[in-house]
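Undergrad: Got a file for you: final.cif, mmCIF, N, CA and C atoms and all ligand atoms.
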```cif
data_target
#
loop_
_atom_site.label_atom_id
_atom_site.label_comp_id
_atom_site.auth_asym_id
_atom_site.auth_seq_id
_atom_site.Cartn_x
_atom_site.Cartn_y
_atom_site.Cartn_z
N VAL A 20 94.53 123.51 154.20
CA VAL A 20 93.52 123.67 155.26
C VAL A 20 93.66 122.55 156.27
N ALA A 21 93.66 122.90 157.52
CA ALA A 21 93.85 121.90 158.57
C ALA A 21 92.63 121.01 158.72
N THR A 22 92.90 119.75 159.08
CA THR A 22 91.82 118.84 159.42
C THR A 22 91.14 119.34 160.68
N GLU A 23 89.83 119.28 160.70
CA GLU A 23 89.10 119.69 161.91
C GLU A 23 88.04 118.64 162.25
N ARG A 24 87.44 118.82 163.42
CA ARG A 24 86.40 117.90 163.88
C ARG A 24 85.11 118.65 164.14
N THR A 25 83.99 117.96 163.97
CA THR A 25 82.70 118.55 164.27
C THR A 25 81.86 117.57 165.06
N LEU A 26 80.88 118.10 165.81
CA LEU A 26 79.91 117.24 166.48
C LEU A 26 78.64 117.19 165.64
N ILE A 27 78.24 115.98 165.31
CA ILE A 27 76.98 115.74 164.61
C ILE A 27 76.06 114.99 165.57
N LEU A 28 74.80 115.37 165.60
CA LEU A 28 73.79 114.58 166.30
C LEU A 28 72.73 114.16 165.30
N VAL A 29 72.43 112.86 165.25
CA VAL A 29 71.19 112.43 164.60
C VAL A 29 70.13 112.51 165.68
N LYS A 30 69.20 113.43 165.50
CA LYS A 30 68.22 113.75 166.53
C LYS A 30 67.21 112.60 166.68
N PRO A 31 66.38 112.65 167.75
CA PRO A 31 65.44 111.54 167.99
C PRO A 31 64.53 111.23 166.81
N ASP A 32 64.15 112.25 166.03
CA ASP A 32 63.29 111.95 164.85
C ASP A 32 64.05 111.10 163.84
N GLY A 33 65.35 111.35 163.69
CA GLY A 33 66.16 110.59 162.73
C GLY A 33 66.36 109.15 163.17
N VAL A 34 66.64 108.97 164.46
CA VAL A 34 66.83 107.60 164.98
C VAL A 34 65.50 106.84 164.91
N ARG A 35 64.42 107.51 165.33
CA ARG A 35 63.08 106.90 165.36
C ARG A 35 62.65 106.46 163.96
N ARG A 36 62.99 107.26 162.97
CA ARG A 36 62.57 106.96 161.59
C ARG A 36 63.54 106.02 160.87
N GLY A 37 64.58 105.59 161.57
CA GLY A 37 65.50 104.63 160.95
C GLY A 37 66.42 105.25 159.93
N LEU A 38 66.75 106.55 160.12
CA LEU A 38 67.57 107.26 159.14
C LEU A 38 69.01 107.45 159.59
N ALA A 39 69.38 106.90 160.75
CA ALA A 39 70.75 107.11 161.24
C ALA A 39 71.78 106.57 160.25
N GLY A 40 71.52 105.38 159.71
CA GLY A 40 72.46 104.79 158.76
C GLY A 40 72.57 105.62 157.48
N GLU A 41 71.44 106.09 156.96
CA GLU A 41 71.43 106.91 155.75
C GLU A 41 72.21 108.22 155.97
N ILE A 42 72.06 108.80 157.15
CA ILE A 42 72.76 110.05 157.45
C ILE A 42 74.26 109.80 157.58
N LEU A 43 74.65 108.75 158.29
CA LEU A 43 76.08 108.42 158.38
C LEU A 43 76.65 108.06 157.02
N ARG A 44 75.85 107.42 156.19
CA ARG A 44 76.29 107.07 154.84
C ARG A 44 76.69 108.33 154.06
N ARG A 45 75.86 109.37 154.19
CA ARG A 45 76.15 110.61 153.47
C ARG A 45 77.43 111.27 153.99
N VAL A 46 77.64 111.20 155.30
CA VAL A 46 78.85 111.78 155.90
C VAL A 46 80.08 111.04 155.38
N GLU A 47 80.02 109.72 155.39
CA GLU A 47 81.17 108.94 154.92
C GLU A 47 81.37 109.06 153.41
N ALA A 48 80.27 109.11 152.67
CA ALA A 48 80.37 109.21 151.21
C ALA A 48 81.04 110.51 150.80
N LYS A 49 80.84 111.55 151.59
CA LYS A 49 81.48 112.84 151.31
C LYS A 49 82.99 112.78 151.54
N GLY A 50 83.41 111.80 152.35
CA GLY A 50 84.84 111.63 152.59
C GLY A 50 85.28 111.95 154.01
N TYR A 51 84.31 112.23 154.88
CA TYR A 51 84.66 112.50 156.28
C TYR A 51 84.82 111.18 157.03
N ARG A 52 85.69 111.21 158.02
CA ARG A 52 85.94 110.01 158.82
C ARG A 52 85.18 110.08 160.14
N LEU A 53 84.67 108.91 160.56
CA LEU A 53 84.00 108.83 161.86
C LEU A 53 85.06 108.61 162.92
N VAL A 54 85.04 109.45 163.94
CA VAL A 54 86.01 109.37 165.04
C VAL A 54 85.38 108.71 166.26
N ALA A 55 84.10 108.99 166.50
CA ALA A 55 83.38 108.41 167.63
C ALA A 55 81.90 108.41 167.31
N VAL A 56 81.20 107.35 167.70
CA VAL A 56 79.74 107.31 167.59
C VAL A 56 79.18 106.71 168.87
N ASP A 57 78.06 107.25 169.33
CA ASP A 57 77.46 106.76 170.57
C ASP A 57 75.96 107.02 170.55
N LEU A 58 75.18 105.95 170.66
CA LEU A 58 73.72 106.07 170.73
C LEU A 58 73.30 106.19 172.19
N ARG A 59 72.65 107.27 172.53
CA ARG A 59 72.23 107.43 173.92
C ARG A 59 71.04 108.38 174.04
N THR A 60 70.28 108.23 175.11
CA THR A 60 69.22 109.19 175.42
C THR A 60 69.82 110.23 176.34
N ALA A 61 69.85 111.48 175.88
CA ALA A 61 70.50 112.55 176.62
C ALA A 61 69.56 113.12 177.67
N GLY A 62 70.13 113.53 178.80
CA GLY A 62 69.35 114.17 179.86
C GLY A 62 69.20 115.66 179.59
N SER A 63 68.25 116.29 180.29
CA SER A 63 67.98 117.70 179.99
C SER A 63 69.14 118.62 180.42
N ASP A 64 69.95 118.22 181.41
CA ASP A 64 71.10 119.06 181.79
C ASP A 64 72.08 119.18 180.61
N LEU A 65 72.42 118.05 180.03
CA LEU A 65 73.33 118.06 178.87
C LEU A 65 72.73 118.85 177.72
N LEU A 66 71.45 118.65 177.48
CA LEU A 66 70.81 119.31 176.33
C LEU A 66 70.69 120.82 176.54
N GLN A 67 70.41 121.25 177.76
CA GLN A 67 70.35 122.69 178.04
C GLN A 67 71.72 123.33 177.85
N GLU A 68 72.74 122.60 178.24
CA GLU A 68 74.12 123.07 178.03
C GLU A 68 74.45 123.11 176.53
N HIS A 69 74.08 122.05 175.85
CA HIS A 69 74.34 121.96 174.40
C HIS A 69 73.71 123.14 173.66
N TYR A 70 72.47 123.47 174.03
CA TYR A 70 71.73 124.53 173.33
C TYR A 70 71.73 125.84 174.11
N ALA A 71 72.75 126.08 174.93
CA ALA A 71 72.79 127.27 175.81
C ALA A 71 72.58 128.58 175.04
N GLU A 72 73.06 128.63 173.79
CA GLU A 72 72.92 129.88 173.01
C GLU A 72 71.45 130.22 172.76
N HIS A 73 70.55 129.24 172.89
CA HIS A 73 69.13 129.48 172.62
C HIS A 73 68.31 129.62 173.90
N ALA A 74 68.96 129.60 175.07
CA ALA A 74 68.24 129.72 176.34
C ALA A 74 67.43 131.02 176.33
N GLY A 75 66.19 130.95 176.79
CA GLY A 75 65.34 132.13 176.84
C GLY A 75 64.45 132.30 175.62
N LYS A 76 64.75 131.60 174.53
CA LYS A 76 63.89 131.69 173.35
C LYS A 76 62.64 130.83 173.54
N GLY A 77 61.59 131.16 172.82
CA GLY A 77 60.32 130.45 172.97
C GLY A 77 60.40 128.97 172.65
N PHE A 78 61.28 128.60 171.76
CA PHE A 78 61.36 127.19 171.37
C PHE A 78 62.35 126.40 172.22
N PHE A 79 62.99 127.05 173.22
CA PHE A 79 64.05 126.37 173.97
C PHE A 79 63.54 125.14 174.74
N ALA A 80 62.49 125.32 175.56
CA ALA A 80 61.99 124.20 176.36
C ALA A 80 61.44 123.07 175.48
N PRO A 81 60.59 123.38 174.47
CA PRO A 81 60.15 122.30 173.58
C PRO A 81 61.30 121.61 172.85
N LEU A 82 62.34 122.38 172.53
CA LEU A 82 63.50 121.81 171.84
C LEU A 82 64.21 120.80 172.75
N VAL A 83 64.43 121.21 174.01
CA VAL A 83 65.10 120.30 174.96
C VAL A 83 64.24 119.06 175.20
N ASP A 84 62.92 119.26 175.34
CA ASP A 84 62.02 118.10 175.54
C ASP A 84 62.07 117.15 174.35
N PHE A 85 62.03 117.72 173.16
CA PHE A 85 62.09 116.89 171.95
C PHE A 85 63.42 116.12 171.89
N MET A 86 64.51 116.81 172.19
CA MET A 86 65.83 116.17 172.10
C MET A 86 66.01 115.06 173.14
N ALA A 87 65.24 115.17 174.26
CA ALA A 87 65.31 114.16 175.32
C ALA A 87 64.30 113.04 175.11
N SER A 88 63.51 113.10 174.04
CA SER A 88 62.38 112.19 173.86
C SER A 88 62.77 110.80 173.39
N GLY A 89 64.03 110.59 173.10
CA GLY A 89 64.48 109.28 172.65
C GLY A 89 65.96 109.33 172.36
N PRO A 90 66.51 108.20 171.95
CA PRO A 90 67.95 108.17 171.70
C PRO A 90 68.38 109.09 170.57
N VAL A 91 69.56 109.67 170.73
CA VAL A 91 70.22 110.41 169.66
C VAL A 91 71.52 109.67 169.34
N LEU A 92 71.96 109.78 168.11
CA LEU A 92 73.26 109.23 167.74
C LEU A 92 74.24 110.39 167.72
N ALA A 93 75.14 110.39 168.71
CA ALA A 93 76.17 111.44 168.79
C ALA A 93 77.39 110.96 168.02
N VAL A 94 77.92 111.83 167.17
CA VAL A 94 79.00 111.46 166.25
C VAL A 94 80.05 112.57 166.24
N VAL A 95 81.31 112.19 166.32
CA VAL A 95 82.39 113.12 166.00
C VAL A 95 82.94 112.70 164.64
N ALA A 96 82.95 113.65 163.71
CA ALA A 96 83.48 113.39 162.37
C ALA A 96 84.64 114.34 162.11
N GLU A 97 85.54 113.88 161.26
CA GLU A 97 86.80 114.58 161.02
C GLU A 97 87.05 114.72 159.53
N GLY A 98 87.63 115.84 159.14
CA GLY A 98 88.01 116.04 157.75
C GLY A 98 88.34 117.50 157.50
N GLU A 99 88.83 117.79 156.31
CA GLU A 99 89.12 119.18 155.97
C GLU A 99 87.81 119.96 155.85
N ARG A 100 87.69 121.03 156.60
CA ARG A 100 86.52 121.92 156.59
C ARG A 100 85.22 121.17 156.86
N VAL A 101 85.30 120.15 157.75
CA VAL A 101 84.11 119.32 158.00
C VAL A 101 83.00 120.12 158.69
N ILE A 102 83.34 121.17 159.43
CA ILE A 102 82.30 121.94 160.13
C ILE A 102 81.37 122.58 159.09
N GLU A 103 81.98 123.30 158.17
CA GLU A 103 81.20 123.93 157.09
C GLU A 103 80.59 122.86 156.18
N GLY A 104 81.37 121.82 155.91
CA GLY A 104 80.91 120.79 154.98
C GLY A 104 79.70 120.04 155.48
N PHE A 105 79.67 119.71 156.78
CA PHE A 105 78.49 119.00 157.28
C PHE A 105 77.27 119.92 157.30
N ARG A 106 77.48 121.21 157.64
CA ARG A 106 76.34 122.15 157.61
C ARG A 106 75.75 122.21 156.20
N ALA A 107 76.62 122.12 155.19
CA ALA A 107 76.14 122.13 153.80
C ALA A 107 75.38 120.83 153.49
N LEU A 108 75.89 119.69 153.96
CA LEU A 108 75.18 118.42 153.76
C LEU A 108 73.81 118.45 154.44
N ALA A 109 73.74 119.11 155.63
CA ALA A 109 72.51 119.12 156.42
C ALA A 109 71.43 119.97 155.78
N GLY A 110 71.82 121.12 155.21
CA GLY A 110 70.83 122.05 154.67
C GLY A 110 70.34 123.02 155.73
N THR A 111 69.50 123.95 155.31
CA THR A 111 69.06 125.02 156.22
C THR A 111 68.16 124.46 157.32
N THR A 112 68.03 125.25 158.40
CA THR A 112 67.35 124.79 159.62
C THR A 112 65.93 124.31 159.36
N ASP A 113 65.17 125.07 158.57
CA ASP A 113 63.77 124.71 158.31
C ASP A 113 63.71 123.69 157.16
N PRO A 114 63.31 122.46 157.46
CA PRO A 114 63.35 121.40 156.43
C PRO A 114 62.49 121.71 155.22
N THR A 115 61.42 122.49 155.40
CA THR A 115 60.55 122.77 154.26
C THR A 115 61.29 123.60 153.21
N GLY A 116 62.16 124.51 153.67
CA GLY A 116 62.90 125.35 152.74
C GLY A 116 64.27 124.82 152.38
N ALA A 117 64.68 123.72 153.01
CA ALA A 117 66.03 123.20 152.76
C ALA A 117 66.12 122.64 151.35
N ALA A 118 67.26 122.85 150.71
CA ALA A 118 67.43 122.46 149.31
C ALA A 118 67.36 120.94 149.15
N PRO A 119 66.68 120.47 148.12
CA PRO A 119 66.78 119.05 147.76
C PRO A 119 68.24 118.68 147.56
N GLY A 120 68.58 117.46 147.96
CA GLY A 120 69.98 117.04 147.92
C GLY A 120 70.62 117.10 149.30
N THR A 121 70.03 117.91 150.18
CA THR A 121 70.53 117.97 151.55
C THR A 121 69.76 116.98 152.43
N ILE A 122 70.33 116.68 153.60
CA ILE A 122 69.67 115.74 154.52
C ILE A 122 68.29 116.28 154.91
N ARG A 123 68.25 117.55 155.33
CA ARG A 123 66.97 118.12 155.76
C ARG A 123 66.02 118.31 154.58
N GLY A 124 66.57 118.68 153.43
CA GLY A 124 65.73 118.90 152.25
C GLY A 124 65.16 117.61 151.69
N ASP A 125 65.93 116.55 151.73
CA ASP A 125 65.46 115.27 151.18
C ASP A 125 64.58 114.51 152.17
N LEU A 126 64.91 114.61 153.46
CA LEU A 126 64.35 113.67 154.44
C LEU A 126 63.59 114.33 155.58
N GLY A 127 63.76 115.65 155.77
CA GLY A 127 63.18 116.32 156.93
C GLY A 127 61.69 116.54 156.81
N ARG A 128 60.99 116.34 157.90
CA ARG A 128 59.54 116.60 157.95
C ARG A 128 59.27 117.32 159.24
N ASP A 129 59.00 118.62 159.16
CA ASP A 129 58.86 119.39 160.40
C ASP A 129 57.41 119.67 160.75
N TRP A 130 56.47 119.18 159.95
CA TRP A 130 55.08 119.53 160.21
C TRP A 130 54.54 118.83 161.46
N GLY A 131 53.55 119.49 162.06
CA GLY A 131 52.87 118.89 163.21
C GLY A 131 53.67 118.92 164.49
N SER A 132 54.61 119.86 164.63
CA SER A 132 55.43 119.91 165.83
C SER A 132 55.73 121.36 166.21
N ALA A 133 55.95 121.59 167.51
CA ALA A 133 56.30 122.93 167.98
C ALA A 133 57.75 123.29 167.68
N VAL A 134 58.56 122.29 167.40
CA VAL A 134 59.97 122.55 167.08
C VAL A 134 60.29 121.99 165.70
N GLN A 135 61.40 122.43 165.18
CA GLN A 135 61.85 121.93 163.89
C GLN A 135 62.41 120.52 164.10
N GLN A 136 61.71 119.52 163.59
CA GLN A 136 62.25 118.16 163.65
C GLN A 136 63.06 117.98 162.38
N ASN A 137 64.30 118.45 162.47
CA ASN A 137 65.11 118.58 161.25
C ASN A 137 66.28 117.59 161.21
N LEU A 138 66.13 116.49 161.95
CA LEU A 138 66.96 115.29 161.81
C LEU A 138 68.37 115.36 162.35
N VAL A 139 69.04 116.50 162.18
CA VAL A 139 70.46 116.54 162.54
C VAL A 139 70.85 117.85 163.18
N HIS A 140 71.89 117.77 164.00
CA HIS A 140 72.61 118.94 164.49
C HIS A 140 74.02 118.86 163.95
N GLY A 141 74.60 120.02 163.64
CA GLY A 141 76.02 120.08 163.32
C GLY A 141 76.61 121.35 163.91
N SER A 142 77.78 121.24 164.51
CA SER A 142 78.46 122.41 165.08
C SER A 142 78.59 123.50 164.02
N ASP A 143 78.53 124.78 164.47
CA ASP A 143 78.52 125.87 163.49
C ASP A 143 79.82 126.67 163.43
N SER A 144 80.82 126.33 164.24
CA SER A 144 82.10 127.05 164.22
C SER A 144 83.13 126.18 164.94
N PRO A 145 84.42 126.47 164.76
CA PRO A 145 85.43 125.71 165.50
C PRO A 145 85.25 125.81 167.01
N GLU A 146 84.85 126.99 167.50
CA GLU A 146 84.63 127.18 168.93
C GLU A 146 83.46 126.31 169.41
N SER A 147 82.36 126.31 168.66
CA SER A 147 81.21 125.47 169.02
C SER A 147 81.59 124.00 168.97
N ALA A 148 82.34 123.60 167.97
CA ALA A 148 82.73 122.20 167.83
C ALA A 148 83.54 121.75 169.03
N ALA A 149 84.50 122.56 169.44
CA ALA A 149 85.34 122.19 170.59
C ALA A 149 84.50 122.07 171.86
N ARG A 150 83.61 123.04 172.05
CA ARG A 150 82.75 123.04 173.24
C ARG A 150 81.83 121.82 173.23
N GLU A 151 81.21 121.55 172.09
CA GLU A 151 80.21 120.47 172.00
C GLU A 151 80.87 119.09 172.06
N ILE A 152 82.04 118.93 171.46
CA ILE A 152 82.73 117.64 171.53
C ILE A 152 83.13 117.35 172.98
N ALA A 153 83.59 118.37 173.69
CA ALA A 153 83.95 118.19 175.11
C ALA A 153 82.74 117.82 175.96
N LEU A 154 81.59 118.37 175.57
CA LEU A 154 80.36 118.11 176.32
C LEU A 154 79.85 116.67 176.09
N TRP A 155 79.86 116.22 174.88
CA TRP A 155 79.28 114.92 174.53
C TRP A 155 80.29 113.79 174.66
N PHE A 156 81.57 114.08 174.46
CA PHE A 156 82.62 113.05 174.53
C PHE A 156 83.77 113.56 175.39
N PRO A 157 83.55 113.69 176.71
CA PRO A 157 84.56 114.30 177.58
C PRO A 157 85.89 113.54 177.61
N THR A 158 85.90 112.29 177.22
CA THR A 158 87.15 111.53 177.28
C THR A 158 87.91 111.57 175.94
N LEU A 159 87.32 112.20 174.93
CA LEU A 159 87.95 112.19 173.60
C LEU A 159 89.14 113.14 173.54
P1 LIG A 201 70.65 124.75 163.40
O1 LIG A 201 70.23 123.42 163.98
O2 LIG A 201 70.40 124.80 161.93
O3 LIG A 201 72.05 125.16 163.79
P2 LIG A 201 69.73 126.72 165.33
O4 LIG A 201 71.02 126.54 166.04
O5 LIG A 201 69.32 128.12 164.97
O6 LIG A 201 69.64 125.84 164.00
O7 LIG A 201 68.55 126.14 166.22
C1 LIG A 201 68.73 124.94 166.94
C2 LIG A 201 67.51 124.07 166.76
O8 LIG A 201 66.38 124.70 167.36
C3 LIG A 201 67.10 123.85 165.31
O9 LIG A 201 67.78 122.77 164.71
C4 LIG A 201 65.64 123.61 165.42
C5 LIG A 201 65.21 124.49 166.57
N1 LIG A 201 64.73 125.79 166.12
C6 LIG A 201 65.47 126.81 165.63
N2 LIG A 201 64.73 127.87 165.32
C7 LIG A 201 63.45 127.52 165.63
C8 LIG A 201 62.19 128.17 165.56
N3 LIG A 201 62.08 129.42 165.10
N4 LIG A 201 61.09 127.49 165.95
C9 LIG A 201 61.18 126.24 166.41
N5 LIG A 201 62.34 125.55 166.52
C10 LIG A 201 63.45 126.19 166.14
MG MG A 202 72.82 125.66 165.67
#
```
Would it be possible to restate this file's structure as structure tokens?
Ligand code: DAT
Ligand code: MG
TA:
Amino acid sequence: VATERTLILVKPDGVRRGLAGEILRRVEAKGYRLVAVDLRTAGSDLLQEHYAEHAGKGFFAPLVDFMASGPVLAVVAEGERVIEGFRALAGTTDPTGAAPGTIRGDLGRDWGSAVQQNLVHGSDSPESAAREIALWFPTL
């Protein structure tokens, strides 16, 4: 299986709660390599582009606002089947139902918010990974 790359974001809730290190620890412990990391507050243009597949949905605007509410840690990680592997580490979208042992299942708290504050984003396919890495790290 070929080595591939994925885009991971530690969302503002993760950075705010001091979980960026714990999340990167899990990625590295699994055996994936960090290729690039960058802490930054993203603008709404970038975030609307990042989440273009969800444009028009009811949670789109609150999602973009939440993602712009503070710094995110943008990460490119590399390894065999890392796209699928990181999605498995992250757990399902809704943190309440995410399996214990996953990032969202162990650490996610989505209550009291209009959007799922589920700590992390991970690319969902090779096509998404290529698009998202180009968006967040255009010089990579
Ligand atoms: P994932 O992040 O697991 O790939 P997604 O791509 O379907 O999930 O959605 C992107 C983000 O949007 C997700 O992490 C949290 C938010 N979201 C998704 N579905 C939602 C919903 N029904 N209500 C509120 N927020 C939602
Ligand atoms: Mg998604």
Undergrad: Which residues of chain A have any atom within 8 Å of an atom in ligand LIG 201 (chain A) when counting all atoms listed in the file, and what is the closest pair of atoms for each, with the distance in Å to one decimal? Order the rows by chain and rising number and write it as a tab-separated table.
TA:
```
residue	atom	partner	partner_atom	distance
A:Tyr70	CA	A:LIG201	C1	7.1
A:Glu72	C	A:LIG201	O4	7.7
A:His73	CA	A:LIG201	O7	7.2
A:Gly77	C	A:LIG201	C9	6.9
A:Phe78	CA	A:LIG201	C9	5.1
A:Phe79	N	A:LIG201	N5	6.9
A:Pro81	C	A:LIG201	N5	7.5
A:Leu82	CA	A:LIG201	O8	6.1
A:Val83	N	A:LIG201	O8	7.8
A:Arg106	CA	A:LIG201	O2	7.8
A:Ala109	C	A:LIG201	O2	7.9
A:Gly110	C	A:LIG201	O2	6.5
A:Thr111	C	A:LIG201	O2	5.1
A:Thr112	CA	A:LIG201	O2	3.8
A:Asp113	N	A:LIG201	O2	6.2
A:Ser132	C	A:LIG201	C9	7.3
A:Ala133	C	A:LIG201	C9	4.7
A:Val134	CA	A:LIG201	N5	3.9
A:Gln135	N	A:LIG201	N5	3.5
A:Gln136	N	A:LIG201	C4	6.0
A:Asn137	N	A:LIG201	O9	6.0
A:Leu138	N	A:LIG201	O9	7.1
A:Val139	C	A:LIG201	O1	5.7
A:His140	CA	A:LIG201	O1	5.1
A:Gly141	N	A:LIG201	O1	5.5
A:Ser142	C	A:LIG201	O3	6.8
A:Asp143	CA	A:LIG201	O3	6.5
```
Undergrad: What is the distance, in Å and to one decimal place, between atom N of Leu38 of chain A and atom CA of Gly89 of chain A?
TA: 13.0 Å
Undergrad: If we count all atoms listed in the file, what is near Leu58 of chain A at a cut-off of 6.5 Å, once residues fewer than 4 positions away on the same chain are taken out, given as a PyMOL selection string?
TA: chain A and resi 90-93
Undergrad: Identify all residues of segment 50-136 of chain A in strand (DSSP E) (DSSP on the backbone) and supply them as an NGL selection string.
TA: :A and (52-59 or 91-99)
Undergrad: To one decimal in Å, tell me the separation between atom C of Met86 of chain A and atom CA of Lys49 of chain A.
TA: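 Atom-to-atom, atom C of Met86 of chain A and atom CA of Lys49 of chain A are spaced 26.8 Å apart.
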